[in-house]
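The file data_27.txt contains compact mmCIF, C-alpha atoms:
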# COMPACT_ATOMS: atom_id res chain seq x y z
CA MET D 1 13.38 0.79 4.72
CA LYS D 2 9.62 0.14 4.78
CA LEU D 3 8.53 -2.95 2.86
CA PHE D 4 6.78 -1.09 0.04
CA ASP D 5 9.68 1.32 -0.59
CA ASN D 6 11.83 -1.41 -2.14
CA THR D 7 11.80 -0.41 -5.83
CA GLU D 8 14.41 -2.98 -6.85
CA VAL D 9 11.96 -5.78 -6.01
CA ALA D 10 8.93 -3.79 -7.22
CA PHE D 11 10.25 -3.18 -10.74
CA ALA D 12 12.61 -6.15 -11.21
CA LEU D 13 10.49 -7.44 -14.12
CA LYS D 14 10.45 -4.09 -15.98
CA SER D 15 13.02 -3.36 -18.67
CA ASP D 16 14.42 0.19 -18.83
CA SER D 17 12.07 1.03 -21.71
CA GLN D 18 9.02 -0.34 -19.83
CA LEU D 19 10.06 1.73 -16.83
CA GLU D 20 10.21 4.86 -19.02
CA ARG D 21 6.81 4.11 -20.54
CA ALA D 22 5.27 3.66 -17.08
CA TYR D 23 6.78 6.98 -15.97
CA PHE D 24 5.41 8.74 -19.07
CA LEU D 25 1.91 7.26 -18.60
CA PHE D 26 1.58 8.15 -14.92
CA LYS D 27 2.86 11.64 -15.70
CA MET D 28 0.01 11.97 -18.22
CA ILE D 29 -2.57 10.46 -15.84
CA GLN D 30 -1.55 12.96 -13.16
CA ASN D 31 -2.96 15.72 -15.35
CA GLN D 32 -6.74 15.68 -14.78
CA PRO D 33 -7.81 17.90 -17.73
CA MET D 34 -5.54 15.85 -19.98
CA VAL D 35 -7.25 12.60 -18.90
CA ARG D 36 -10.70 14.11 -19.55
CA ILE D 37 -9.76 15.42 -22.98
CA GLY D 38 -7.82 12.25 -23.85
CA SER D 39 -10.78 10.05 -22.88
CA ALA D 40 -13.22 12.11 -24.96
CA VAL D 41 -10.89 12.20 -28.00
CA THR D 42 -10.21 8.45 -27.75
CA ASN D 43 -13.93 7.64 -27.54
CA PHE D 44 -14.64 9.85 -30.53
CA ALA D 45 -11.77 8.37 -32.57
CA LEU D 46 -12.90 4.79 -31.88
CA LYS D 47 -16.55 5.58 -32.74
CA ALA D 48 -15.41 7.29 -35.95
CA HIS D 49 -13.22 4.25 -36.73
CA LEU D 50 -10.08 6.36 -36.95
CA PRO D 51 -6.90 4.26 -37.08
CA ILE D 52 -5.70 4.83 -33.49
CA GLU D 53 -5.75 1.26 -32.15
CA GLY D 54 -2.01 0.88 -32.78
CA LEU D 55 -1.25 3.96 -30.69
CA ILE D 56 -3.56 2.82 -27.86
CA ARG D 57 -2.05 -0.66 -28.05
CA SER D 58 1.55 0.54 -27.67
CA THR D 59 0.81 2.88 -24.73
CA VAL D 60 -2.12 2.53 -22.32
CA PHE D 61 -3.29 -0.90 -23.48
CA ASP D 62 0.07 -2.66 -23.16
CA HIS D 63 0.69 -1.09 -19.76
CA PHE D 64 -2.68 -2.00 -18.19
CA CYS D 65 -3.71 -5.09 -20.21
CA GLY D 66 -2.29 -8.53 -20.92
CA GLY D 67 -3.36 -8.76 -24.56
CA VAL D 68 -6.28 -9.23 -26.93
CA THR D 69 -6.83 -12.95 -26.23
CA GLU D 70 -6.12 -15.14 -23.22
CA GLU D 71 -3.29 -16.82 -25.16
CA ASP D 72 -1.67 -13.37 -25.65
CA CYS D 73 -1.45 -13.07 -21.87
CA LEU D 74 0.53 -16.28 -21.28
CA PRO D 75 4.08 -14.84 -21.60
CA ILE D 76 3.19 -12.10 -19.06
CA ILE D 77 1.54 -14.62 -16.73
CA ASP D 78 4.56 -16.93 -16.87
CA ASN D 79 7.04 -14.09 -16.39
CA MET D 80 5.22 -12.67 -13.35
CA HIS D 81 4.88 -16.09 -11.76
CA THR D 82 8.33 -17.51 -12.51
CA ASN D 83 10.32 -14.37 -11.79
CA GLY D 84 8.15 -12.49 -9.30
CA ASN D 85 6.04 -15.19 -7.60
CA VAL D 86 2.96 -13.12 -8.53
CA HIS D 87 -0.16 -14.91 -9.84
CA SER D 88 -2.63 -13.65 -12.44
CA VAL D 89 -6.42 -13.38 -12.61
CA LEU D 90 -7.44 -13.34 -16.28
CA ASP D 91 -10.12 -10.67 -16.56
CA TYR D 92 -12.15 -10.57 -19.77
CA SER D 93 -12.76 -6.82 -19.61
CA VAL D 94 -15.34 -6.33 -22.34
CA GLU D 95 -18.16 -4.18 -20.97
CA GLY D 96 -21.60 -2.96 -21.92
CA LYS D 97 -22.76 -5.78 -24.20
CA ASP D 98 -26.45 -6.64 -23.91
CA LYS D 99 -27.19 -9.37 -26.45
CA GLU D 100 -27.75 -13.05 -25.63
CA VAL D 101 -25.06 -14.05 -28.12
CA SER D 102 -22.44 -11.98 -26.28
CA PHE D 103 -23.52 -13.44 -22.91
CA ASP D 104 -23.11 -16.96 -24.32
CA GLY D 105 -19.76 -15.90 -25.78
CA ALA D 106 -18.62 -14.61 -22.37
CA LEU D 107 -19.71 -17.90 -20.78
CA LYS D 108 -17.51 -19.86 -23.24
CA ILE D 109 -14.52 -17.65 -22.45
CA ILE D 110 -14.99 -17.98 -18.66
CA LEU D 111 -15.29 -21.78 -18.94
CA LYS D 112 -12.07 -21.80 -20.98
CA ILE D 113 -10.40 -19.73 -18.23
CA VAL D 114 -11.61 -22.21 -15.57
CA ASP D 115 -9.81 -24.93 -17.60
CA PHE D 116 -6.71 -22.72 -17.75
CA CYS D 117 -6.81 -22.31 -13.97
CA GLU D 118 -6.96 -26.06 -13.46
CA GLU D 119 -3.87 -26.48 -15.66
CA LYS D 120 -1.77 -23.57 -14.43
CA LYS D 121 -0.79 -22.83 -10.82
CA SER D 122 -0.07 -19.26 -11.94
CA ILE D 123 -3.82 -18.59 -12.49
CA PRO D 124 -5.55 -19.32 -9.17
CA PHE D 125 -8.98 -17.71 -9.82
CA ALA D 126 -11.49 -17.19 -12.62
CA VAL D 127 -13.43 -13.91 -12.65
CA PHE D 128 -16.45 -12.37 -14.37
CA LYS D 129 -18.99 -9.56 -13.97
CA PRO D 130 -22.70 -10.28 -13.49
CA SER D 131 -23.45 -8.05 -16.50
CA GLY D 132 -21.20 -10.32 -18.57
CA PHE D 133 -23.86 -13.04 -18.17
CA GLY D 134 -27.06 -10.99 -18.35
CA ARG D 135 -28.60 -7.66 -19.20
CA PHE D 136 -27.94 -4.82 -16.75
CA GLY D 137 -31.56 -3.62 -17.02
CA LEU D 138 -32.80 -7.06 -16.02
CA TYR D 139 -30.71 -7.08 -12.80
CA GLN D 140 -31.97 -3.56 -12.13
CA LYS D 141 -35.62 -4.54 -12.54
CA ILE D 142 -35.18 -7.50 -10.16
CA SER D 143 -33.25 -5.30 -7.68
CA GLU D 144 -36.15 -2.81 -7.69
CA GLY D 145 -38.61 -5.64 -6.94
CA LYS D 146 -40.57 -5.13 -10.16
CA GLU D 147 -42.53 -7.94 -11.74
CA LEU D 148 -40.91 -9.58 -14.77
CA THR D 149 -42.73 -10.30 -18.02
CA LYS D 150 -42.88 -13.91 -19.30
CA ASP D 151 -40.01 -13.16 -21.71
CA GLU D 152 -37.93 -11.62 -18.92
CA GLU D 153 -38.53 -14.63 -16.68
CA ALA D 154 -37.17 -16.86 -19.44
CA GLU D 155 -34.26 -14.45 -19.91
CA TRP D 156 -33.46 -14.59 -16.16
CA GLU D 157 -33.61 -18.39 -16.28
CA ARG D 158 -30.87 -18.28 -18.93
CA VAL D 159 -28.79 -15.96 -16.72
CA LEU D 160 -29.12 -18.42 -13.81
CA ASN D 161 -28.09 -21.29 -16.07
CA ARG D 162 -24.91 -19.45 -17.11
CA PHE D 163 -23.97 -18.85 -13.47
CA HIS D 164 -24.65 -22.47 -12.48
CA THR D 165 -22.73 -23.80 -15.51
CA VAL D 166 -19.61 -21.89 -14.43
CA CYS D 167 -20.02 -22.73 -10.73
CA LYS D 168 -20.40 -26.45 -11.45
CA ALA D 169 -17.24 -26.41 -13.59
CA ALA D 170 -15.39 -24.42 -10.91
CA LEU D 171 -16.43 -26.79 -8.12
CA LYS D 172 -15.49 -29.87 -10.18
CA LYS D 173 -12.04 -28.44 -11.01
CA ASP D 174 -11.52 -26.82 -7.60
CA VAL D 175 -11.11 -23.32 -9.09
CA PRO D 176 -12.42 -20.43 -6.96
CA LEU D 177 -14.57 -17.86 -8.80
CA LEU D 178 -14.47 -14.11 -8.18
CA ILE D 179 -17.69 -12.35 -9.17
CA ASP D 180 -17.21 -8.59 -9.51
CA ALA D 181 -19.55 -5.96 -8.08
CA GLU D 182 -21.23 -3.31 -10.21
CA GLU D 183 -23.48 -0.26 -9.74
CA SER D 184 -25.65 -0.21 -6.61
CA TRP D 185 -28.96 -0.05 -8.49
CA MET D 186 -28.44 -3.53 -9.96
CA GLN D 187 -26.34 -5.08 -7.20
CA LYS D 188 -29.14 -6.45 -4.98
CA ALA D 189 -30.18 -8.99 -7.64
CA ALA D 190 -26.53 -10.01 -8.06
CA ASP D 191 -26.00 -10.27 -4.27
CA ASP D 192 -29.07 -12.48 -3.80
CA LEU D 193 -28.07 -14.72 -6.69
CA ILE D 194 -24.46 -15.05 -5.50
CA GLU D 195 -25.58 -15.84 -1.95
CA SER D 196 -27.73 -18.70 -3.27
CA LEU D 197 -24.68 -19.93 -5.24
CA MET D 198 -22.54 -19.80 -2.07
CA GLU D 199 -25.17 -21.85 -0.29
CA THR D 200 -25.02 -24.48 -3.06
CA TYR D 201 -21.31 -24.57 -3.92
CA ASN D 202 -19.48 -23.37 -0.76
CA LYS D 203 -20.34 -26.33 1.44
CA GLU D 204 -16.75 -27.39 2.15
CA LYS D 205 -14.82 -24.20 1.42
CA ALA D 206 -15.21 -20.93 -0.50
CA ILE D 207 -15.47 -21.58 -4.25
CA VAL D 208 -17.85 -18.69 -5.07
CA PHE D 209 -16.70 -15.19 -4.05
CA ASN D 210 -18.86 -12.08 -4.11
CA THR D 211 -17.37 -8.56 -4.08
CA LEU D 212 -17.92 -5.86 -1.47
CA GLN D 213 -17.37 -2.26 -2.57
CA MET D 214 -16.61 -0.55 0.73
CA TYR D 215 -17.22 2.98 -0.53
CA ARG D 216 -20.86 1.99 0.03
CA HIS D 217 -21.79 2.77 3.65
CA ASP D 218 -24.30 -0.13 3.83
CA ARG D 219 -21.84 -2.94 3.04
CA MET D 220 -20.66 -3.64 6.58
CA GLU D 221 -24.21 -4.31 7.70
CA TYR D 222 -24.75 -6.54 4.64
CA LEU D 223 -21.59 -8.54 5.47
CA LYS D 224 -22.71 -9.14 9.06
CA GLU D 225 -26.18 -10.25 7.97
CA LEU D 226 -24.68 -12.54 5.33
CA ARG D 227 -22.42 -14.13 7.94
CA SER D 228 -25.34 -14.82 10.25
CA ARG D 229 -27.24 -16.53 7.39
CA ALA D 230 -24.13 -18.51 6.39
CA HIS D 231 -23.72 -19.59 10.01
CA GLN D 232 -27.33 -20.84 10.16
CA LYS D 233 -27.19 -22.64 6.81
CA GLY D 234 -23.64 -23.92 7.12
CA PHE D 235 -21.90 -22.49 4.07
CA TYR D 236 -18.54 -20.73 3.66
CA ILE D 237 -18.22 -17.10 2.56
CA GLY D 238 -15.76 -16.00 -0.08
CA MET D 239 -15.38 -12.25 -0.45
CA LYS D 240 -13.27 -9.93 -2.52
CA VAL D 241 -13.10 -6.64 -0.62
CA VAL D 242 -12.40 -3.48 -2.63
CA ARG D 243 -12.96 0.23 -2.18
CA GLY D 244 -15.08 0.58 -5.33
CA ALA D 245 -15.06 1.69 -8.95
CA TYR D 246 -18.16 3.75 -9.80
CA MET D 247 -18.07 6.62 -7.33
CA GLU D 248 -18.77 9.59 -9.65
CA LYS D 249 -21.55 7.68 -11.42
CA GLU D 250 -23.16 6.68 -8.09
CA ARG D 251 -23.15 10.23 -6.70
CA GLU D 252 -24.44 11.77 -9.92
CA ARG D 253 -27.34 9.32 -10.19
CA ALA D 254 -28.31 9.76 -6.54
CA GLU D 255 -28.40 13.54 -7.01
CA GLU D 256 -30.27 13.34 -10.31
CA LYS D 257 -32.93 10.97 -8.94
CA GLY D 258 -33.12 12.60 -5.52
CA TYR D 259 -32.22 9.69 -3.22
CA PRO D 260 -29.45 9.65 -0.55
CA SER D 261 -26.07 8.71 -2.04
CA PRO D 262 -25.01 5.14 -1.17
CA ILE D 263 -21.37 6.31 -1.10
CA CYS D 264 -19.46 7.17 2.11
CA GLU D 265 -19.19 10.93 2.60
CA ASN D 266 -15.41 11.05 2.16
CA LYS D 267 -12.24 9.05 1.54
CA GLU D 268 -11.52 8.65 5.30
CA ALA D 269 -14.94 7.08 5.89
CA THR D 270 -14.33 4.67 3.00
CA ASP D 271 -10.90 3.74 4.39
CA LEU D 272 -12.37 3.05 7.84
CA ASN D 273 -15.17 1.00 6.31
CA TYR D 274 -12.69 -1.01 4.25
CA ASP D 275 -10.47 -1.77 7.22
CA GLU D 276 -13.49 -2.71 9.35
CA ALA D 277 -14.56 -5.30 6.74
CA ILE D 278 -11.04 -6.75 6.64
CA LYS D 279 -10.91 -7.03 10.45
CA TYR D 280 -14.38 -8.59 10.60
CA MET D 281 -13.54 -11.21 7.97
CA MET D 282 -10.22 -12.15 9.50
CA GLU D 283 -11.55 -12.59 13.00
CA HIS D 284 -14.35 -14.94 11.85
CA PRO D 285 -13.49 -18.43 10.62
CA ARG D 286 -15.21 -19.99 7.57
CA MET D 287 -14.45 -16.93 5.48
CA ALA D 288 -11.94 -16.58 2.62
CA LEU D 289 -10.65 -13.10 1.84
CA PHE D 290 -9.34 -11.63 -1.40
CA ALA D 291 -8.11 -8.18 -0.31
CA GLY D 292 -8.20 -6.07 -3.46
CA THR D 293 -6.29 -2.96 -2.45
CA HIS D 294 -3.79 -0.40 -3.72
CA ASN D 295 -3.58 1.09 -0.26
CA GLU D 296 -0.37 0.49 1.69
CA GLU D 297 -1.91 0.99 5.14
CA SER D 298 -4.65 -1.57 4.46
CA SER D 299 -2.02 -4.02 3.18
CA TYR D 300 0.00 -3.63 6.40
CA LEU D 301 -3.21 -4.13 8.38
CA VAL D 302 -3.95 -7.43 6.63
CA MET D 303 -0.39 -8.61 7.35
CA ASP D 304 -0.71 -7.66 11.04
CA LEU D 305 -4.07 -9.42 11.36
CA ALA D 306 -2.71 -12.55 9.68
CA LYS D 307 0.03 -12.67 12.33
CA LYS D 308 -2.47 -12.00 15.10
CA TYR D 309 -4.78 -14.86 14.03
CA GLY D 310 -1.98 -17.27 13.12
CA ILE D 311 -2.82 -17.28 9.40
CA LYS D 312 0.27 -18.36 7.41
CA GLU D 313 1.47 -16.19 4.51
CA ASN D 314 0.66 -18.90 1.96
CA ASP D 315 -2.74 -19.87 3.44
CA LYS D 316 -5.06 -20.22 0.43
CA ARG D 317 -7.89 -18.48 2.30
CA LEU D 318 -6.01 -15.18 2.12
CA TRP D 319 -5.05 -13.36 -1.07
CA PHE D 320 -3.93 -9.86 -1.94
CA GLY D 321 -4.91 -8.44 -5.32
CA GLN D 322 -3.85 -5.43 -7.40
CA LEU D 323 -4.46 -4.40 -10.99
CA PHE D 324 -1.87 -5.11 -13.63
CA GLY D 325 0.14 -1.96 -14.39
CA MET D 326 -0.43 -0.47 -10.94
CA SER D 327 1.01 -0.76 -7.43
CA ASP D 328 3.86 -3.12 -8.35
CA HIS D 329 5.57 -1.94 -5.16
CA ILE D 330 2.78 -3.61 -3.16
CA SER D 331 2.36 -6.76 -5.30
CA TYR D 332 5.99 -7.78 -5.73
CA ASN D 333 7.13 -6.87 -2.23
CA LEU D 334 4.26 -8.87 -0.68
CA ALA D 335 5.00 -11.85 -2.95
CA ASN D 336 8.65 -11.54 -1.99
CA GLN D 337 7.57 -12.04 1.65
CA GLY D 338 5.72 -15.26 0.70
CA TYR D 339 2.14 -13.89 0.61
CA ASN D 340 -0.41 -15.02 -2.00
CA VAL D 341 -0.65 -12.18 -4.52
CA ALA D 342 -2.60 -11.99 -7.78
CA LYS D 343 -2.65 -9.29 -10.43
CA TYR D 344 -5.93 -8.68 -12.28
CA LEU D 345 -4.85 -9.04 -15.91
CA PRO D 346 -7.47 -7.57 -18.27
CA PHE D 347 -7.68 -8.76 -21.86
CA GLY D 348 -9.98 -8.32 -24.86
CA PRO D 349 -10.16 -6.52 -28.22
CA VAL D 350 -8.66 -3.01 -27.92
CA ARG D 351 -11.86 -1.10 -28.70
CA ASP D 352 -13.97 -3.28 -26.36
CA VAL D 353 -11.57 -2.80 -23.46
CA MET D 354 -11.48 1.01 -23.81
CA PRO D 355 -14.31 1.69 -21.27
CA TYR D 356 -12.27 -0.27 -18.71
CA LEU D 357 -9.05 1.65 -19.53
CA ILE D 358 -10.75 5.04 -19.41
CA ARG D 359 -12.23 4.17 -16.00
CA ARG D 360 -8.77 3.17 -14.76
CA ALA D 361 -7.27 6.50 -15.89
CA GLU D 362 -10.12 8.51 -14.34
CA GLU D 363 -9.92 6.50 -11.12
CA ASN D 364 -6.19 7.19 -10.87
CA THR D 365 -6.69 10.93 -11.23
CA SER D 366 -9.43 10.94 -8.58
CA VAL D 367 -7.43 9.04 -5.94
CA ALA D 368 -5.29 11.72 -4.36
CA GLY D 369 -1.69 10.64 -3.91
CA GLN D 370 -2.00 7.36 -5.85
CA THR D 371 -0.41 8.63 -9.07
CA SER D 372 2.26 10.74 -7.38
CA ARG D 373 3.25 7.73 -5.25
CA GLU D 374 3.64 5.64 -8.44
CA LEU D 375 5.69 8.43 -10.05
CA ASN D 376 7.99 8.84 -7.04
CA LEU D 377 8.71 5.12 -6.94
CA LEU D 378 9.44 5.04 -10.68
CA LYS D 379 11.76 8.06 -10.24
CA THR D 380 13.57 6.31 -7.39
CA GLU D 381 14.07 3.18 -9.48
CA ARG D 382 15.34 5.16 -12.50
CA LYS D 383 17.86 6.86 -10.23
CA ARG D 384 18.88 3.53 -8.63
CA ARG D 385 19.49 1.98 -12.04
CA LYS D 386 21.59 4.95 -13.22
CA LEU D 387 23.80 4.63 -10.14
What is this file in structure tokens?
Amino acid sequence: MKLFDNTEVAFALKSDSQLERAYFLFKMIQNQPMVRIGSAVTNFALKAHLPIEGLIRSTVFDHFCGGVTEEDCLPIIDNMHTNGNVHSVLDYSVEGKDKEVSFDGALKIILKIVDFCEEKKSIPFAVFKPSGFGRFGLYQKISEGKELTKDEEAEWERVLNRFHTVCKAALKKDVPLLIDAEESWMQKAADDLIESLMETYNKEKAIVFNTLQMYRHDRMEYLKELRSRAHQKGFYIGMKVVRGAYMEKERERAEEKGYPSPICENKEATDLNYDEAIKYMMEHPRMALFAGTHNEESSYLVMDLAKKYGIKENDKRLWFGQLFGMSDHISYNLANQGYNVAKYLPFGPVRDVMPYLIRRAEENTSVAGQTSRELNLLKTERKRRKL
């Protein structure tokens, strides 16, 4: 039996009713038109303030999210850690806010999570998105090299202060920080900022982690250039490596605005690019890797490379990550072998987390084979339990 085929380990924490709900949800997600219609109807119902939060809460939300507040998530976090040896990354998944008050609110929540991480072994990282701390349009303007107005300069200063506040707290409490990647047209400003934070805070080991979305064909070159600068200046690199989350949006914008798409031409090219980044990071010291992947082949590759370079399963410079509610066959079987594994556990008010949930559903329908693999494993486990 291949490691990831073990459904008894994969679904040990799921009750029979949770198993049935998961099966029902992935069956729905497999139907592309259904996901499109469902997303549109849900968006409309939330905007019209129709009373559907209870329904969302008992289906999609409870399967893919930990709760409304960080405290809500604690029973799930404890259960996964105590019974499955799987850690959690608390992800405040509220998107698309653009007011100073919400940025300051997000900062408070992230600082609270850094405190949580210091207290609980089960939460090894804090995480946030650049657009959680500042306006998307501001990152975009800086990425495009445009001059800022006086007001915008002051606004950017406040963004920098939020980042430094979190990084200082993280360094003091020895809590690594994952900073998520976003759309390519704002990412350059985020990359430059995060590199300067690495230079300041990653002097002894990786505390600040950036994110590489490997569906972008330029990321390998960026990683190599970053390494050469890190080598010169003597700082460590922390990197979460993922395939990427905004593919449709990226392609549409490139076509609309008439510039070459930053996305690899097909899935195979993305897979090759992803694996190349993993190999590059593991063969160079002074780098810490968080391999965010739902791909079995890439997971096997990381395990093989760890053996090759003598990196122990529980070495804190190497982590695997999957999203809560997905790929339990990868997470729990890896943890069962002694590897460091963390589930991204989103939380936030139901209506604020909907953009995240809709993106998850759409992503699942667009990744060929992902949903049917989940369904087959759930089927196998249902059968095993009946026997």
### Message
Measuring between all atoms listed in the file, which one of D:Leu226, D:His217, D:Ala40, D:Val159 shows the shortest distance to Ala269 (chain D)?
### Response
D:His217
### Query
Of the candidates D:Asp78, D:Glu100, D:Glu152, D:Asp91, which shows the shortest atom-to-atom distance to Phe64 (chain D), using only C-alpha atoms?
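Ranking D:Asp78, D:Glu100, D:Glu152, D:Asp91 by distance to Phe64 (chain D), first place goes to D:Asp91.
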Give me, as a Markdown table, the closest atom pair and its distance (Å, one decimal) for every residue of region 240-322 of chain D within a cut-off of 12 Å of region 367-379 of chain D, counting all atoms listed in the file, rows sorted by chain and rising number.
| residue | atom | partner | partner_atom | distance |
| --- | --- | --- | --- | --- |
| D:Arg243 | CA | D:Val367 | CA | 11.1 |
| D:Gly244 | CA | D:Val367 | CA | 11.4 |
| D:Ala245 | CA | D:Val367 | CA | 11.0 |
| D:Met247 | CA | D:Val367 | CA | 11.0 |
| D:Glu248 | CA | D:Val367 | CA | 11.9 |
| D:Asn266 | CA | D:Val367 | CA | 11.5 |
| D:Lys267 | CA | D:Val367 | CA | 8.9 |
| D:Glu268 | CA | D:Ala368 | CA | 11.9 |
| D:Thr293 | CA | D:Gln370 | CA | 11.7 |
| D:His294 | CA | D:Gln370 | CA | 8.2 |
| D:Asn295 | CA | D:Gln370 | CA | 8.5 |
| D:Glu296 | CA | D:Gln370 | CA | 10.3 |
Quick one: residues within 12 Å of Leu334 (chain D), only C-alpha atoms counted, chain neighbours fewer than 4 positions away excluded, as an mmCIF file with C-alpha atoms, in the coordinates of the input?
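Generated output (selection.cif):
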data_model
loop_
_atom_site.group_PDB
_atom_site.id
_atom_site.type_symbol
_atom_site.label_atom_id
_atom_site.label_comp_id
_atom_site.auth_asym_id
_atom_site.auth_seq_id
_atom_site.Cartn_x
_atom_site.Cartn_y
_atom_site.Cartn_z
ATOM 1 C CA LYS D 2 9.620 0.140 4.780
ATOM 2 C CA LEU D 3 8.530 -2.950 2.860
ATOM 3 C CA PHE D 4 6.780 -1.090 0.040
ATOM 4 C CA ASP D 5 9.680 1.320 -0.590
ATOM 5 C CA ASN D 6 11.830 -1.410 -2.140
ATOM 6 C CA VAL D 9 11.960 -5.780 -6.010
ATOM 7 C CA ALA D 10 8.930 -3.790 -7.220
ATOM 8 C CA GLY D 84 8.150 -12.490 -9.300
ATOM 9 C CA ASN D 85 6.040 -15.190 -7.600
ATOM 10 C CA VAL D 86 2.960 -13.120 -8.530
ATOM 11 C CA HIS D 87 -0.160 -14.910 -9.840
ATOM 12 C CA GLU D 296 -0.370 0.490 1.690
ATOM 13 C CA SER D 299 -2.020 -4.020 3.180
ATOM 14 C CA TYR D 300 0.000 -3.630 6.400
ATOM 15 C CA VAL D 302 -3.950 -7.430 6.630
ATOM 16 C CA MET D 303 -0.390 -8.610 7.350
ATOM 17 C CA GLU D 313 1.470 -16.190 4.510
ATOM 18 C CA ASN D 314 0.660 -18.900 1.960
ATOM 19 C CA TRP D 319 -5.050 -13.360 -1.070
ATOM 20 C CA PHE D 320 -3.930 -9.860 -1.940
ATOM 21 C CA GLY D 321 -4.910 -8.440 -5.320
ATOM 22 C CA GLN D 322 -3.850 -5.430 -7.400
ATOM 23 C CA SER D 327 1.010 -0.760 -7.430
ATOM 24 C CA ASP D 328 3.860 -3.120 -8.350
ATOM 25 C CA HIS D 329 5.570 -1.940 -5.160
ATOM 26 C CA ILE D 330 2.780 -3.610 -3.160
ATOM 27 C CA GLY D 338 5.720 -15.260 0.700
ATOM 28 C CA TYR D 339 2.140 -13.890 0.610
ATOM 29 C CA ASN D 340 -0.410 -15.020 -2.000
ATOM 30 C CA VAL D 341 -0.650 -12.180 -4.520
ATOM 31 C CA ALA D 342 -2.600 -11.990 -7.780
ATOM 32 C CA LYS D 343 -2.650 -9.290 -10.430
#
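Comparing the minimum interatomic distances between Ala22 (chain D) and each of D:Lys188, D:His63, D:Lys308, D:His49, counting all atoms listed in the file, we find that D:His63 sits nearest.
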### Protein, DNA and RNA residues within 12 Å of (-11.2, -1.6, -22.3), only C-alpha atoms, as a ChimeraX atom specification
/D:39,42-43,46,53,56-57,60-62,64-68,91-96,345-361
### Task
List the neighbours of region 128-140 of chain D out to 9 Å using all atoms listed in the file; skip same-chain residues closer than 3 positions along the sequence, and give me the result as a PyMOL selection string.
chain D and resi 91-100+102-104+106-107+110+143-146+148+152+155-156+158-160+162-163+177-182+185-190
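Across D:Lys47, D:Lys150, D:His284, D:Arg21, the tightest approach to Arg227 (chain D) is made by D:His284 when counting all atoms listed in the file.
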### Query
Between CA of Phe235 (chain D) and CA of Thr270 (chain D), what is the distance, to one decimal in Å?
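Those two atoms sit 28.2 Å apart.
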### Distance query Glu8 (chain D) at most 9 Å, all atoms listed in the file, self and fewer than 5 positions along chain excluded, as a PyMOL selection string
chain D and resi 381+384-385
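Minimum atom-to-atom distances from D:Lys203, D:Lys386, D:Lys168, D:Lys112 to Tyr236 (chain D) were compared using all atoms listed in the file, and the lowest value belongs to D:Lys203.
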